[in-house]
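**Q** Below is the file run33.csv, with CSV, C-alpha atoms.
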chain,number,residue,atom,x,y,z
A,13,MET,CA,128.5,120.0,127.5
A,14,ASN,CA,129.2,123.5,126.3
A,15,ASP,CA,130.8,122.7,122.9
A,16,PRO,CA,128.8,124.6,120.2
A,17,VAL,CA,129.0,121.7,117.7
A,18,ALA,CA,127.8,119.1,120.2
A,19,ALA,CA,125.1,121.4,121.6
A,20,ALA,CA,123.8,122.2,118.1
A,21,GLU,CA,123.4,118.4,117.4
A,22,LEU,CA,121.6,117.9,120.7
A,23,VAL,CA,119.1,120.7,120.0
A,24,ARG,CA,118.8,120.0,116.2
A,25,ASP,CA,117.5,116.5,117.2
A,26,LEU,CA,114.6,118.1,119.1
A,27,ILE,CA,113.3,120.1,116.2
A,28,GLY,CA,109.9,118.9,115.1
A,29,ARG,CA,109.1,117.3,118.5
A,30,ARG,CA,106.5,118.4,121.0
A,31,LEU,CA,107.6,119.7,124.4
A,32,LEU,CA,105.7,117.6,126.8
A,33,ALA,CA,106.7,119.2,130.1
A,34,VAL,CA,109.3,121.3,131.8
A,35,THR,CA,110.9,120.4,135.2
A,36,GLU,CA,112.5,123.2,137.2
A,37,ALA,CA,115.0,123.4,140.1
A,38,ARG,CA,114.3,126.5,142.1
A,39,TYR,CA,115.8,128.0,145.2
A,40,TRP,CA,113.5,128.6,148.2
A,41,TYR,CA,114.2,130.4,151.5
A,42,GLU,CA,111.9,130.4,154.4
A,43,GLY,CA,109.0,129.0,152.4
A,44,GLN,CA,109.3,131.6,149.6
A,45,ARG,CA,111.1,132.0,146.3
A,46,SER,CA,112.1,135.0,144.2
A,47,ASP,CA,110.6,135.8,140.8
A,48,ASP,CA,110.8,133.6,137.8
A,49,ALA,CA,114.4,134.0,136.6
A,50,ALA,CA,115.9,134.9,140.0
A,51,SER,CA,114.9,131.6,141.7
A,52,LEU,CA,115.6,129.3,138.8
A,53,LEU,CA,118.7,127.1,139.2
A,54,ASP,CA,118.4,124.5,136.4
A,55,PHE,CA,115.6,123.2,134.2
A,56,TRP,CA,114.8,120.1,132.1
A,57,LEU,CA,113.0,120.1,128.8
A,58,HIS,CA,111.0,116.9,128.2
A,59,PHE,CA,110.4,116.4,124.5
A,60,GLU,CA,108.4,113.5,123.0
A,61,GLY,CA,110.6,110.4,122.3
A,62,LYS,CA,113.8,111.9,123.8
A,63,PRO,CA,115.6,111.9,127.2
A,64,ALA,CA,115.3,115.0,129.3
A,65,LEU,CA,117.5,117.9,128.2
A,66,MET,CA,119.0,119.6,131.3
A,67,ALA,CA,120.0,123.3,131.0
A,68,HIS,CA,122.5,124.6,133.6
A,69,GLY,CA,123.8,128.2,133.5
A,70,CYS,CA,127.2,129.2,134.9
A,71,GLY,CA,128.5,132.7,134.2
A,72,GLU,CA,128.1,133.2,130.5
A,73,HIS,CA,127.9,129.5,129.7
A,74,LEU,CA,124.9,127.3,129.1
A,75,ARG,CA,125.6,123.7,129.7
A,76,LEU,CA,123.3,121.2,128.0
A,77,GLU,CA,123.1,117.6,129.0
A,78,LEU,CA,120.8,114.6,128.4
A,79,VAL,CA,120.1,113.7,132.0
A,80,GLY,CA,117.0,113.4,134.2
A,81,PRO,CA,116.1,115.8,137.1
A,82,TYR,CA,117.9,115.4,140.4
A,83,PRO,CA,115.9,115.2,143.6
A,84,SER,CA,115.0,118.2,145.8
A,85,TYR,CA,117.3,118.9,148.7
A,86,LYS,CA,117.6,121.0,151.9
A,87,MET,CA,120.5,123.2,152.7
A,88,GLN,CA,119.9,123.5,156.5
A,89,GLU,CA,119.5,127.2,157.5
A,90,CYS,CA,120.4,128.3,153.9
A,91,GLY,CA,117.1,127.3,152.3
A,92,GLU,CA,116.3,124.5,149.9
A,93,THR,CA,116.2,123.5,146.3
A,94,GLN,CA,112.8,122.3,145.1
A,95,VAL,CA,112.6,120.3,141.9
A,96,GLY,CA,109.3,119.8,140.2
A,97,PRO,CA,107.0,120.7,137.3
A,98,SER,CA,107.1,124.2,135.9
A,99,ARG,CA,103.9,126.0,136.6
A,100,GLU,CA,102.2,129.2,135.4
A,101,PRO,CA,102.9,132.1,135.7
A,102,ASP,CA,106.5,131.0,135.2
A,103,LEU,CA,107.5,131.5,131.6
A,104,LEU,CA,108.9,128.0,130.8
A,105,ALA,CA,105.5,126.5,131.8
A,106,SER,CA,103.7,128.4,129.0
A,107,PHE,CA,105.7,126.5,126.3
A,108,ALA,CA,104.7,122.9,127.3
A,109,GLY,CA,102.5,121.3,124.7
A,110,GLN,CA,104.0,123.2,121.8
A,111,ARG,CA,106.0,121.7,119.0
A,112,LEU,CA,109.6,123.0,118.5
A,113,LEU,CA,109.8,124.4,115.0
A,114,ASP,CA,113.4,125.6,115.0
A,115,ALA,CA,116.3,126.7,117.3
A,116,SER,CA,119.5,128.7,117.3
A,117,LEU,CA,122.4,128.8,119.6
A,118,ILE,CA,123.3,132.1,121.4
A,119,ARG,CA,126.9,133.0,121.9
A,120,GLY,CA,127.5,134.5,125.3
A,121,TYR,CA,129.7,137.4,126.3
A,122,THR,CA,133.0,135.5,126.3
A,123,THR,CA,136.2,135.3,124.2
A,124,GLU,CA,136.0,131.5,123.8
A,125,PRO,CA,133.6,129.7,121.5
A,126,SER,CA,130.8,128.4,123.7
A,127,VAL,CA,127.1,128.3,124.1
A,128,GLY,CA,125.6,131.1,126.2
A,129,GLY,CA,121.9,130.3,125.5
A,130,LEU,CA,119.2,129.2,123.1
A,131,ARG,CA,116.5,130.8,121.0
A,132,LEU,CA,113.7,128.2,120.6
A,133,ARG,CA,111.0,128.8,118.0
A,134,PHE,CA,107.8,127.1,119.1
A,135,GLU,CA,104.4,127.1,117.4
A,136,HIS,CA,103.1,130.2,119.1
A,137,ASP,CA,106.1,132.1,120.2
A,138,ASP,CA,109.9,132.2,120.6
A,139,LEU,CA,111.7,131.6,123.9
A,140,VAL,CA,115.1,133.0,124.7
A,141,VAL,CA,117.0,131.3,127.5
A,142,ALA,CA,120.6,132.4,128.3
A,143,SER,CA,123.1,132.6,131.1
A,144,LEU,CA,124.5,136.0,131.5
A,145,GLY,CA,126.6,137.1,134.5
A,146,ASP,CA,125.5,134.0,136.5
A,147,GLU,CA,121.8,135.0,136.0
A,148,TRP,CA,119.1,133.6,133.8
A,149,VAL,CA,117.7,135.5,130.9
A,150,LEU,CA,114.2,134.2,130.2
A,151,ARG,CA,112.2,136.1,127.5
A,152,ARG,CA,109.5,135.7,124.9
A,153,GLY,CA,110.4,136.7,121.4
A,154,PRO,CA,113.9,137.9,120.3
A,155,VAL,CA,116.9,138.7,122.5
A,156,PRO,CA,116.1,142.1,124.1
A,157,THR,CA,117.8,145.1,122.4
A,158,ASP,CA,119.7,146.0,125.6
A,159,LEU,CA,121.3,142.6,125.7
A,160,ARG,CA,122.3,142.1,122.1
A,161,ARG,CA,125.8,143.4,122.8
A,162,TYR,CA,126.2,140.5,125.2
A,163,LEU,CA,124.2,137.7,123.5
A,164,ALA,CA,124.8,137.0,119.8
A,165,VAL,CA,122.1,134.8,118.1
A,166,GLY,CA,123.4,132.3,115.6
A,167,SER,CA,121.7,130.9,112.5
A,168,TRP,CA,118.6,128.7,112.7
A,169,LEU,CA,119.6,125.0,113.0
A,170,GLY,CA,116.7,123.5,111.2
A,171,SER,CA,117.0,125.6,108.0
For this file, produce the structure as structure tokens.
**A**
Amino acid sequence: MNDPVAAAELVRDLIGRRLLAVTEARYWYEGQRSDDAASLLDFWLHFEGKPALMAHGCGEHLRLELVGPYPSYKMQECGETQVGPSREPDLLASFAGQRLLDASLIRGYTTEPSVGGLRLRFEHDDLVVASLGDEWVLRRGPVPTDLRRYLAVGSWLGS
């Protein structure tokens, strides 16, 4: 779902919960993958006491859905998608074990009201995840200055 009201409710329900794990779907070709954001296809946040929250980026839209990870699959000579736990040094792995303190929706670079990303405030740092131009934006801290004209951060949901 990409409806801002429904997405806000999904995310608001996670505030105060500990992120137990992150599962990632990554594109691999000839036994290798690109860097962190470039190879990421989808990811799932596993919070205590809740079903997995899947994040799927498409253009300037971030679709959130309560659904478990899909299985890995091969694409013949075009490579494969491997689905499994997030691991260091990938950014998402560094947030596992932390409690989500607050969150805000990010509006993407589009004329229609939709969710383009999330800013998640954890115990030790903030995480920005957004879909922009069919590519993932994954950053610690606030939205980078050079992307603020494309990604508008909304109010904190827990406040």
**Q** Skipping near chain neighbours, those fewer than 3 positions away, what residues fall within 6 Å of His58 in chain A using only C-alpha atoms, listed as a list in words?
**A**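 The contact residues come out as Leu31, Leu32, Ala33, Val34 and Ala64 of chain A.
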**Q** Please provide the set of residues having any atom within 6 Å of range 39-44 of chain A, restricted to all atoms listed in the file, with same-chain residues fewer than 4 positions apart removed, written as a compact mmCIF listing (two decimals) with C-alpha atoms, in the coordinates of the input.
**A**
# COMPACT_ATOMS: atom_id res chain seq x y z
CA SER A 51 114.90 131.60 141.70
CA GLY A 91 117.10 127.30 152.30
CA GLU A 92 116.30 124.50 149.90
CA THR A 93 116.20 123.50 146.30
**Q** Range 140-150 of chain A: which residues within 10 Å, counting only C-alpha atoms, same-chain residues fewer than 5 positions away excluded, as a PyMOL selection string?
**A** chain A and resi 48-54+67-75+102-104+115-122+127-133+155-156+159+162-163+165
**Q** Calculate how many Å separate CA of Ile27 in chain A from CA of Glu77 in chain A, rounding to one decimal.
**A**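 CA of Glu77 in chain A lies at a distance of 16.3 Å from CA of Ile27 in chain A.
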**Q** Give me, as a VMD selection string, all polymer residues having an atom no more than 12 Å from Tyr82 in chain A, counting all atoms listed in the file and skipping those fewer than 4 positions away in the same chain.
**A** chain A and resid 35 to 38 53 to 56 64 66 93 to 96
**Q** Find the spatial neighbours of Arg152 in chain A, counting only C-alpha atoms, within a cut-off of 7 Å - ignore same-chain residues fewer than 5 positions away - and output them as a ChimeraX atom specification.
**A** /A:137-140
**Q** Under the rule that only C-alpha atoms are counted, which of A:Asp47, A:Asp158, A:Asp15, A:Glu21 is the nearest residue to Pro101 in chain A?
**A** A:Asp47
**Q** Point out the residue among A:Leu112, A:Leu78, A:Val17, A:Leu57 with the least atom-to-atom distance to Arg29 in chain A, counting all atoms listed in the file.
**A** A:Leu112
**Q** Select, from A:Asp114, A:Val23, A:Ala105, A:Glu100, the residue with the minimum atom-to-atom distance to Trp168 in chain A, counting only C-alpha atoms.
**A**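 Residue with the minimum atom-to-atom distance to Trp168 in chain A: A:Asp114.
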**Q** Find the residue from A:Arg151, A:Arg30, A:Arg99, A:Arg161 that sits nearest to Leu113 in chain A; use all atoms listed in the file when measuring.
**A**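 Using all atoms listed in the file, Leu113 in chain A sits closest to A:Arg30.
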**Q** Tell me, in Å to one decimal, how far CA of Ser167 in chain A is from CA of Gly28 in chain A.
**A** 17.0 Å
**Q** Which value, in Å to one decimal, gives the distance between CA of Pro63 in chain A and CA of Gly80 in chain A?
**A** 7.3 Å
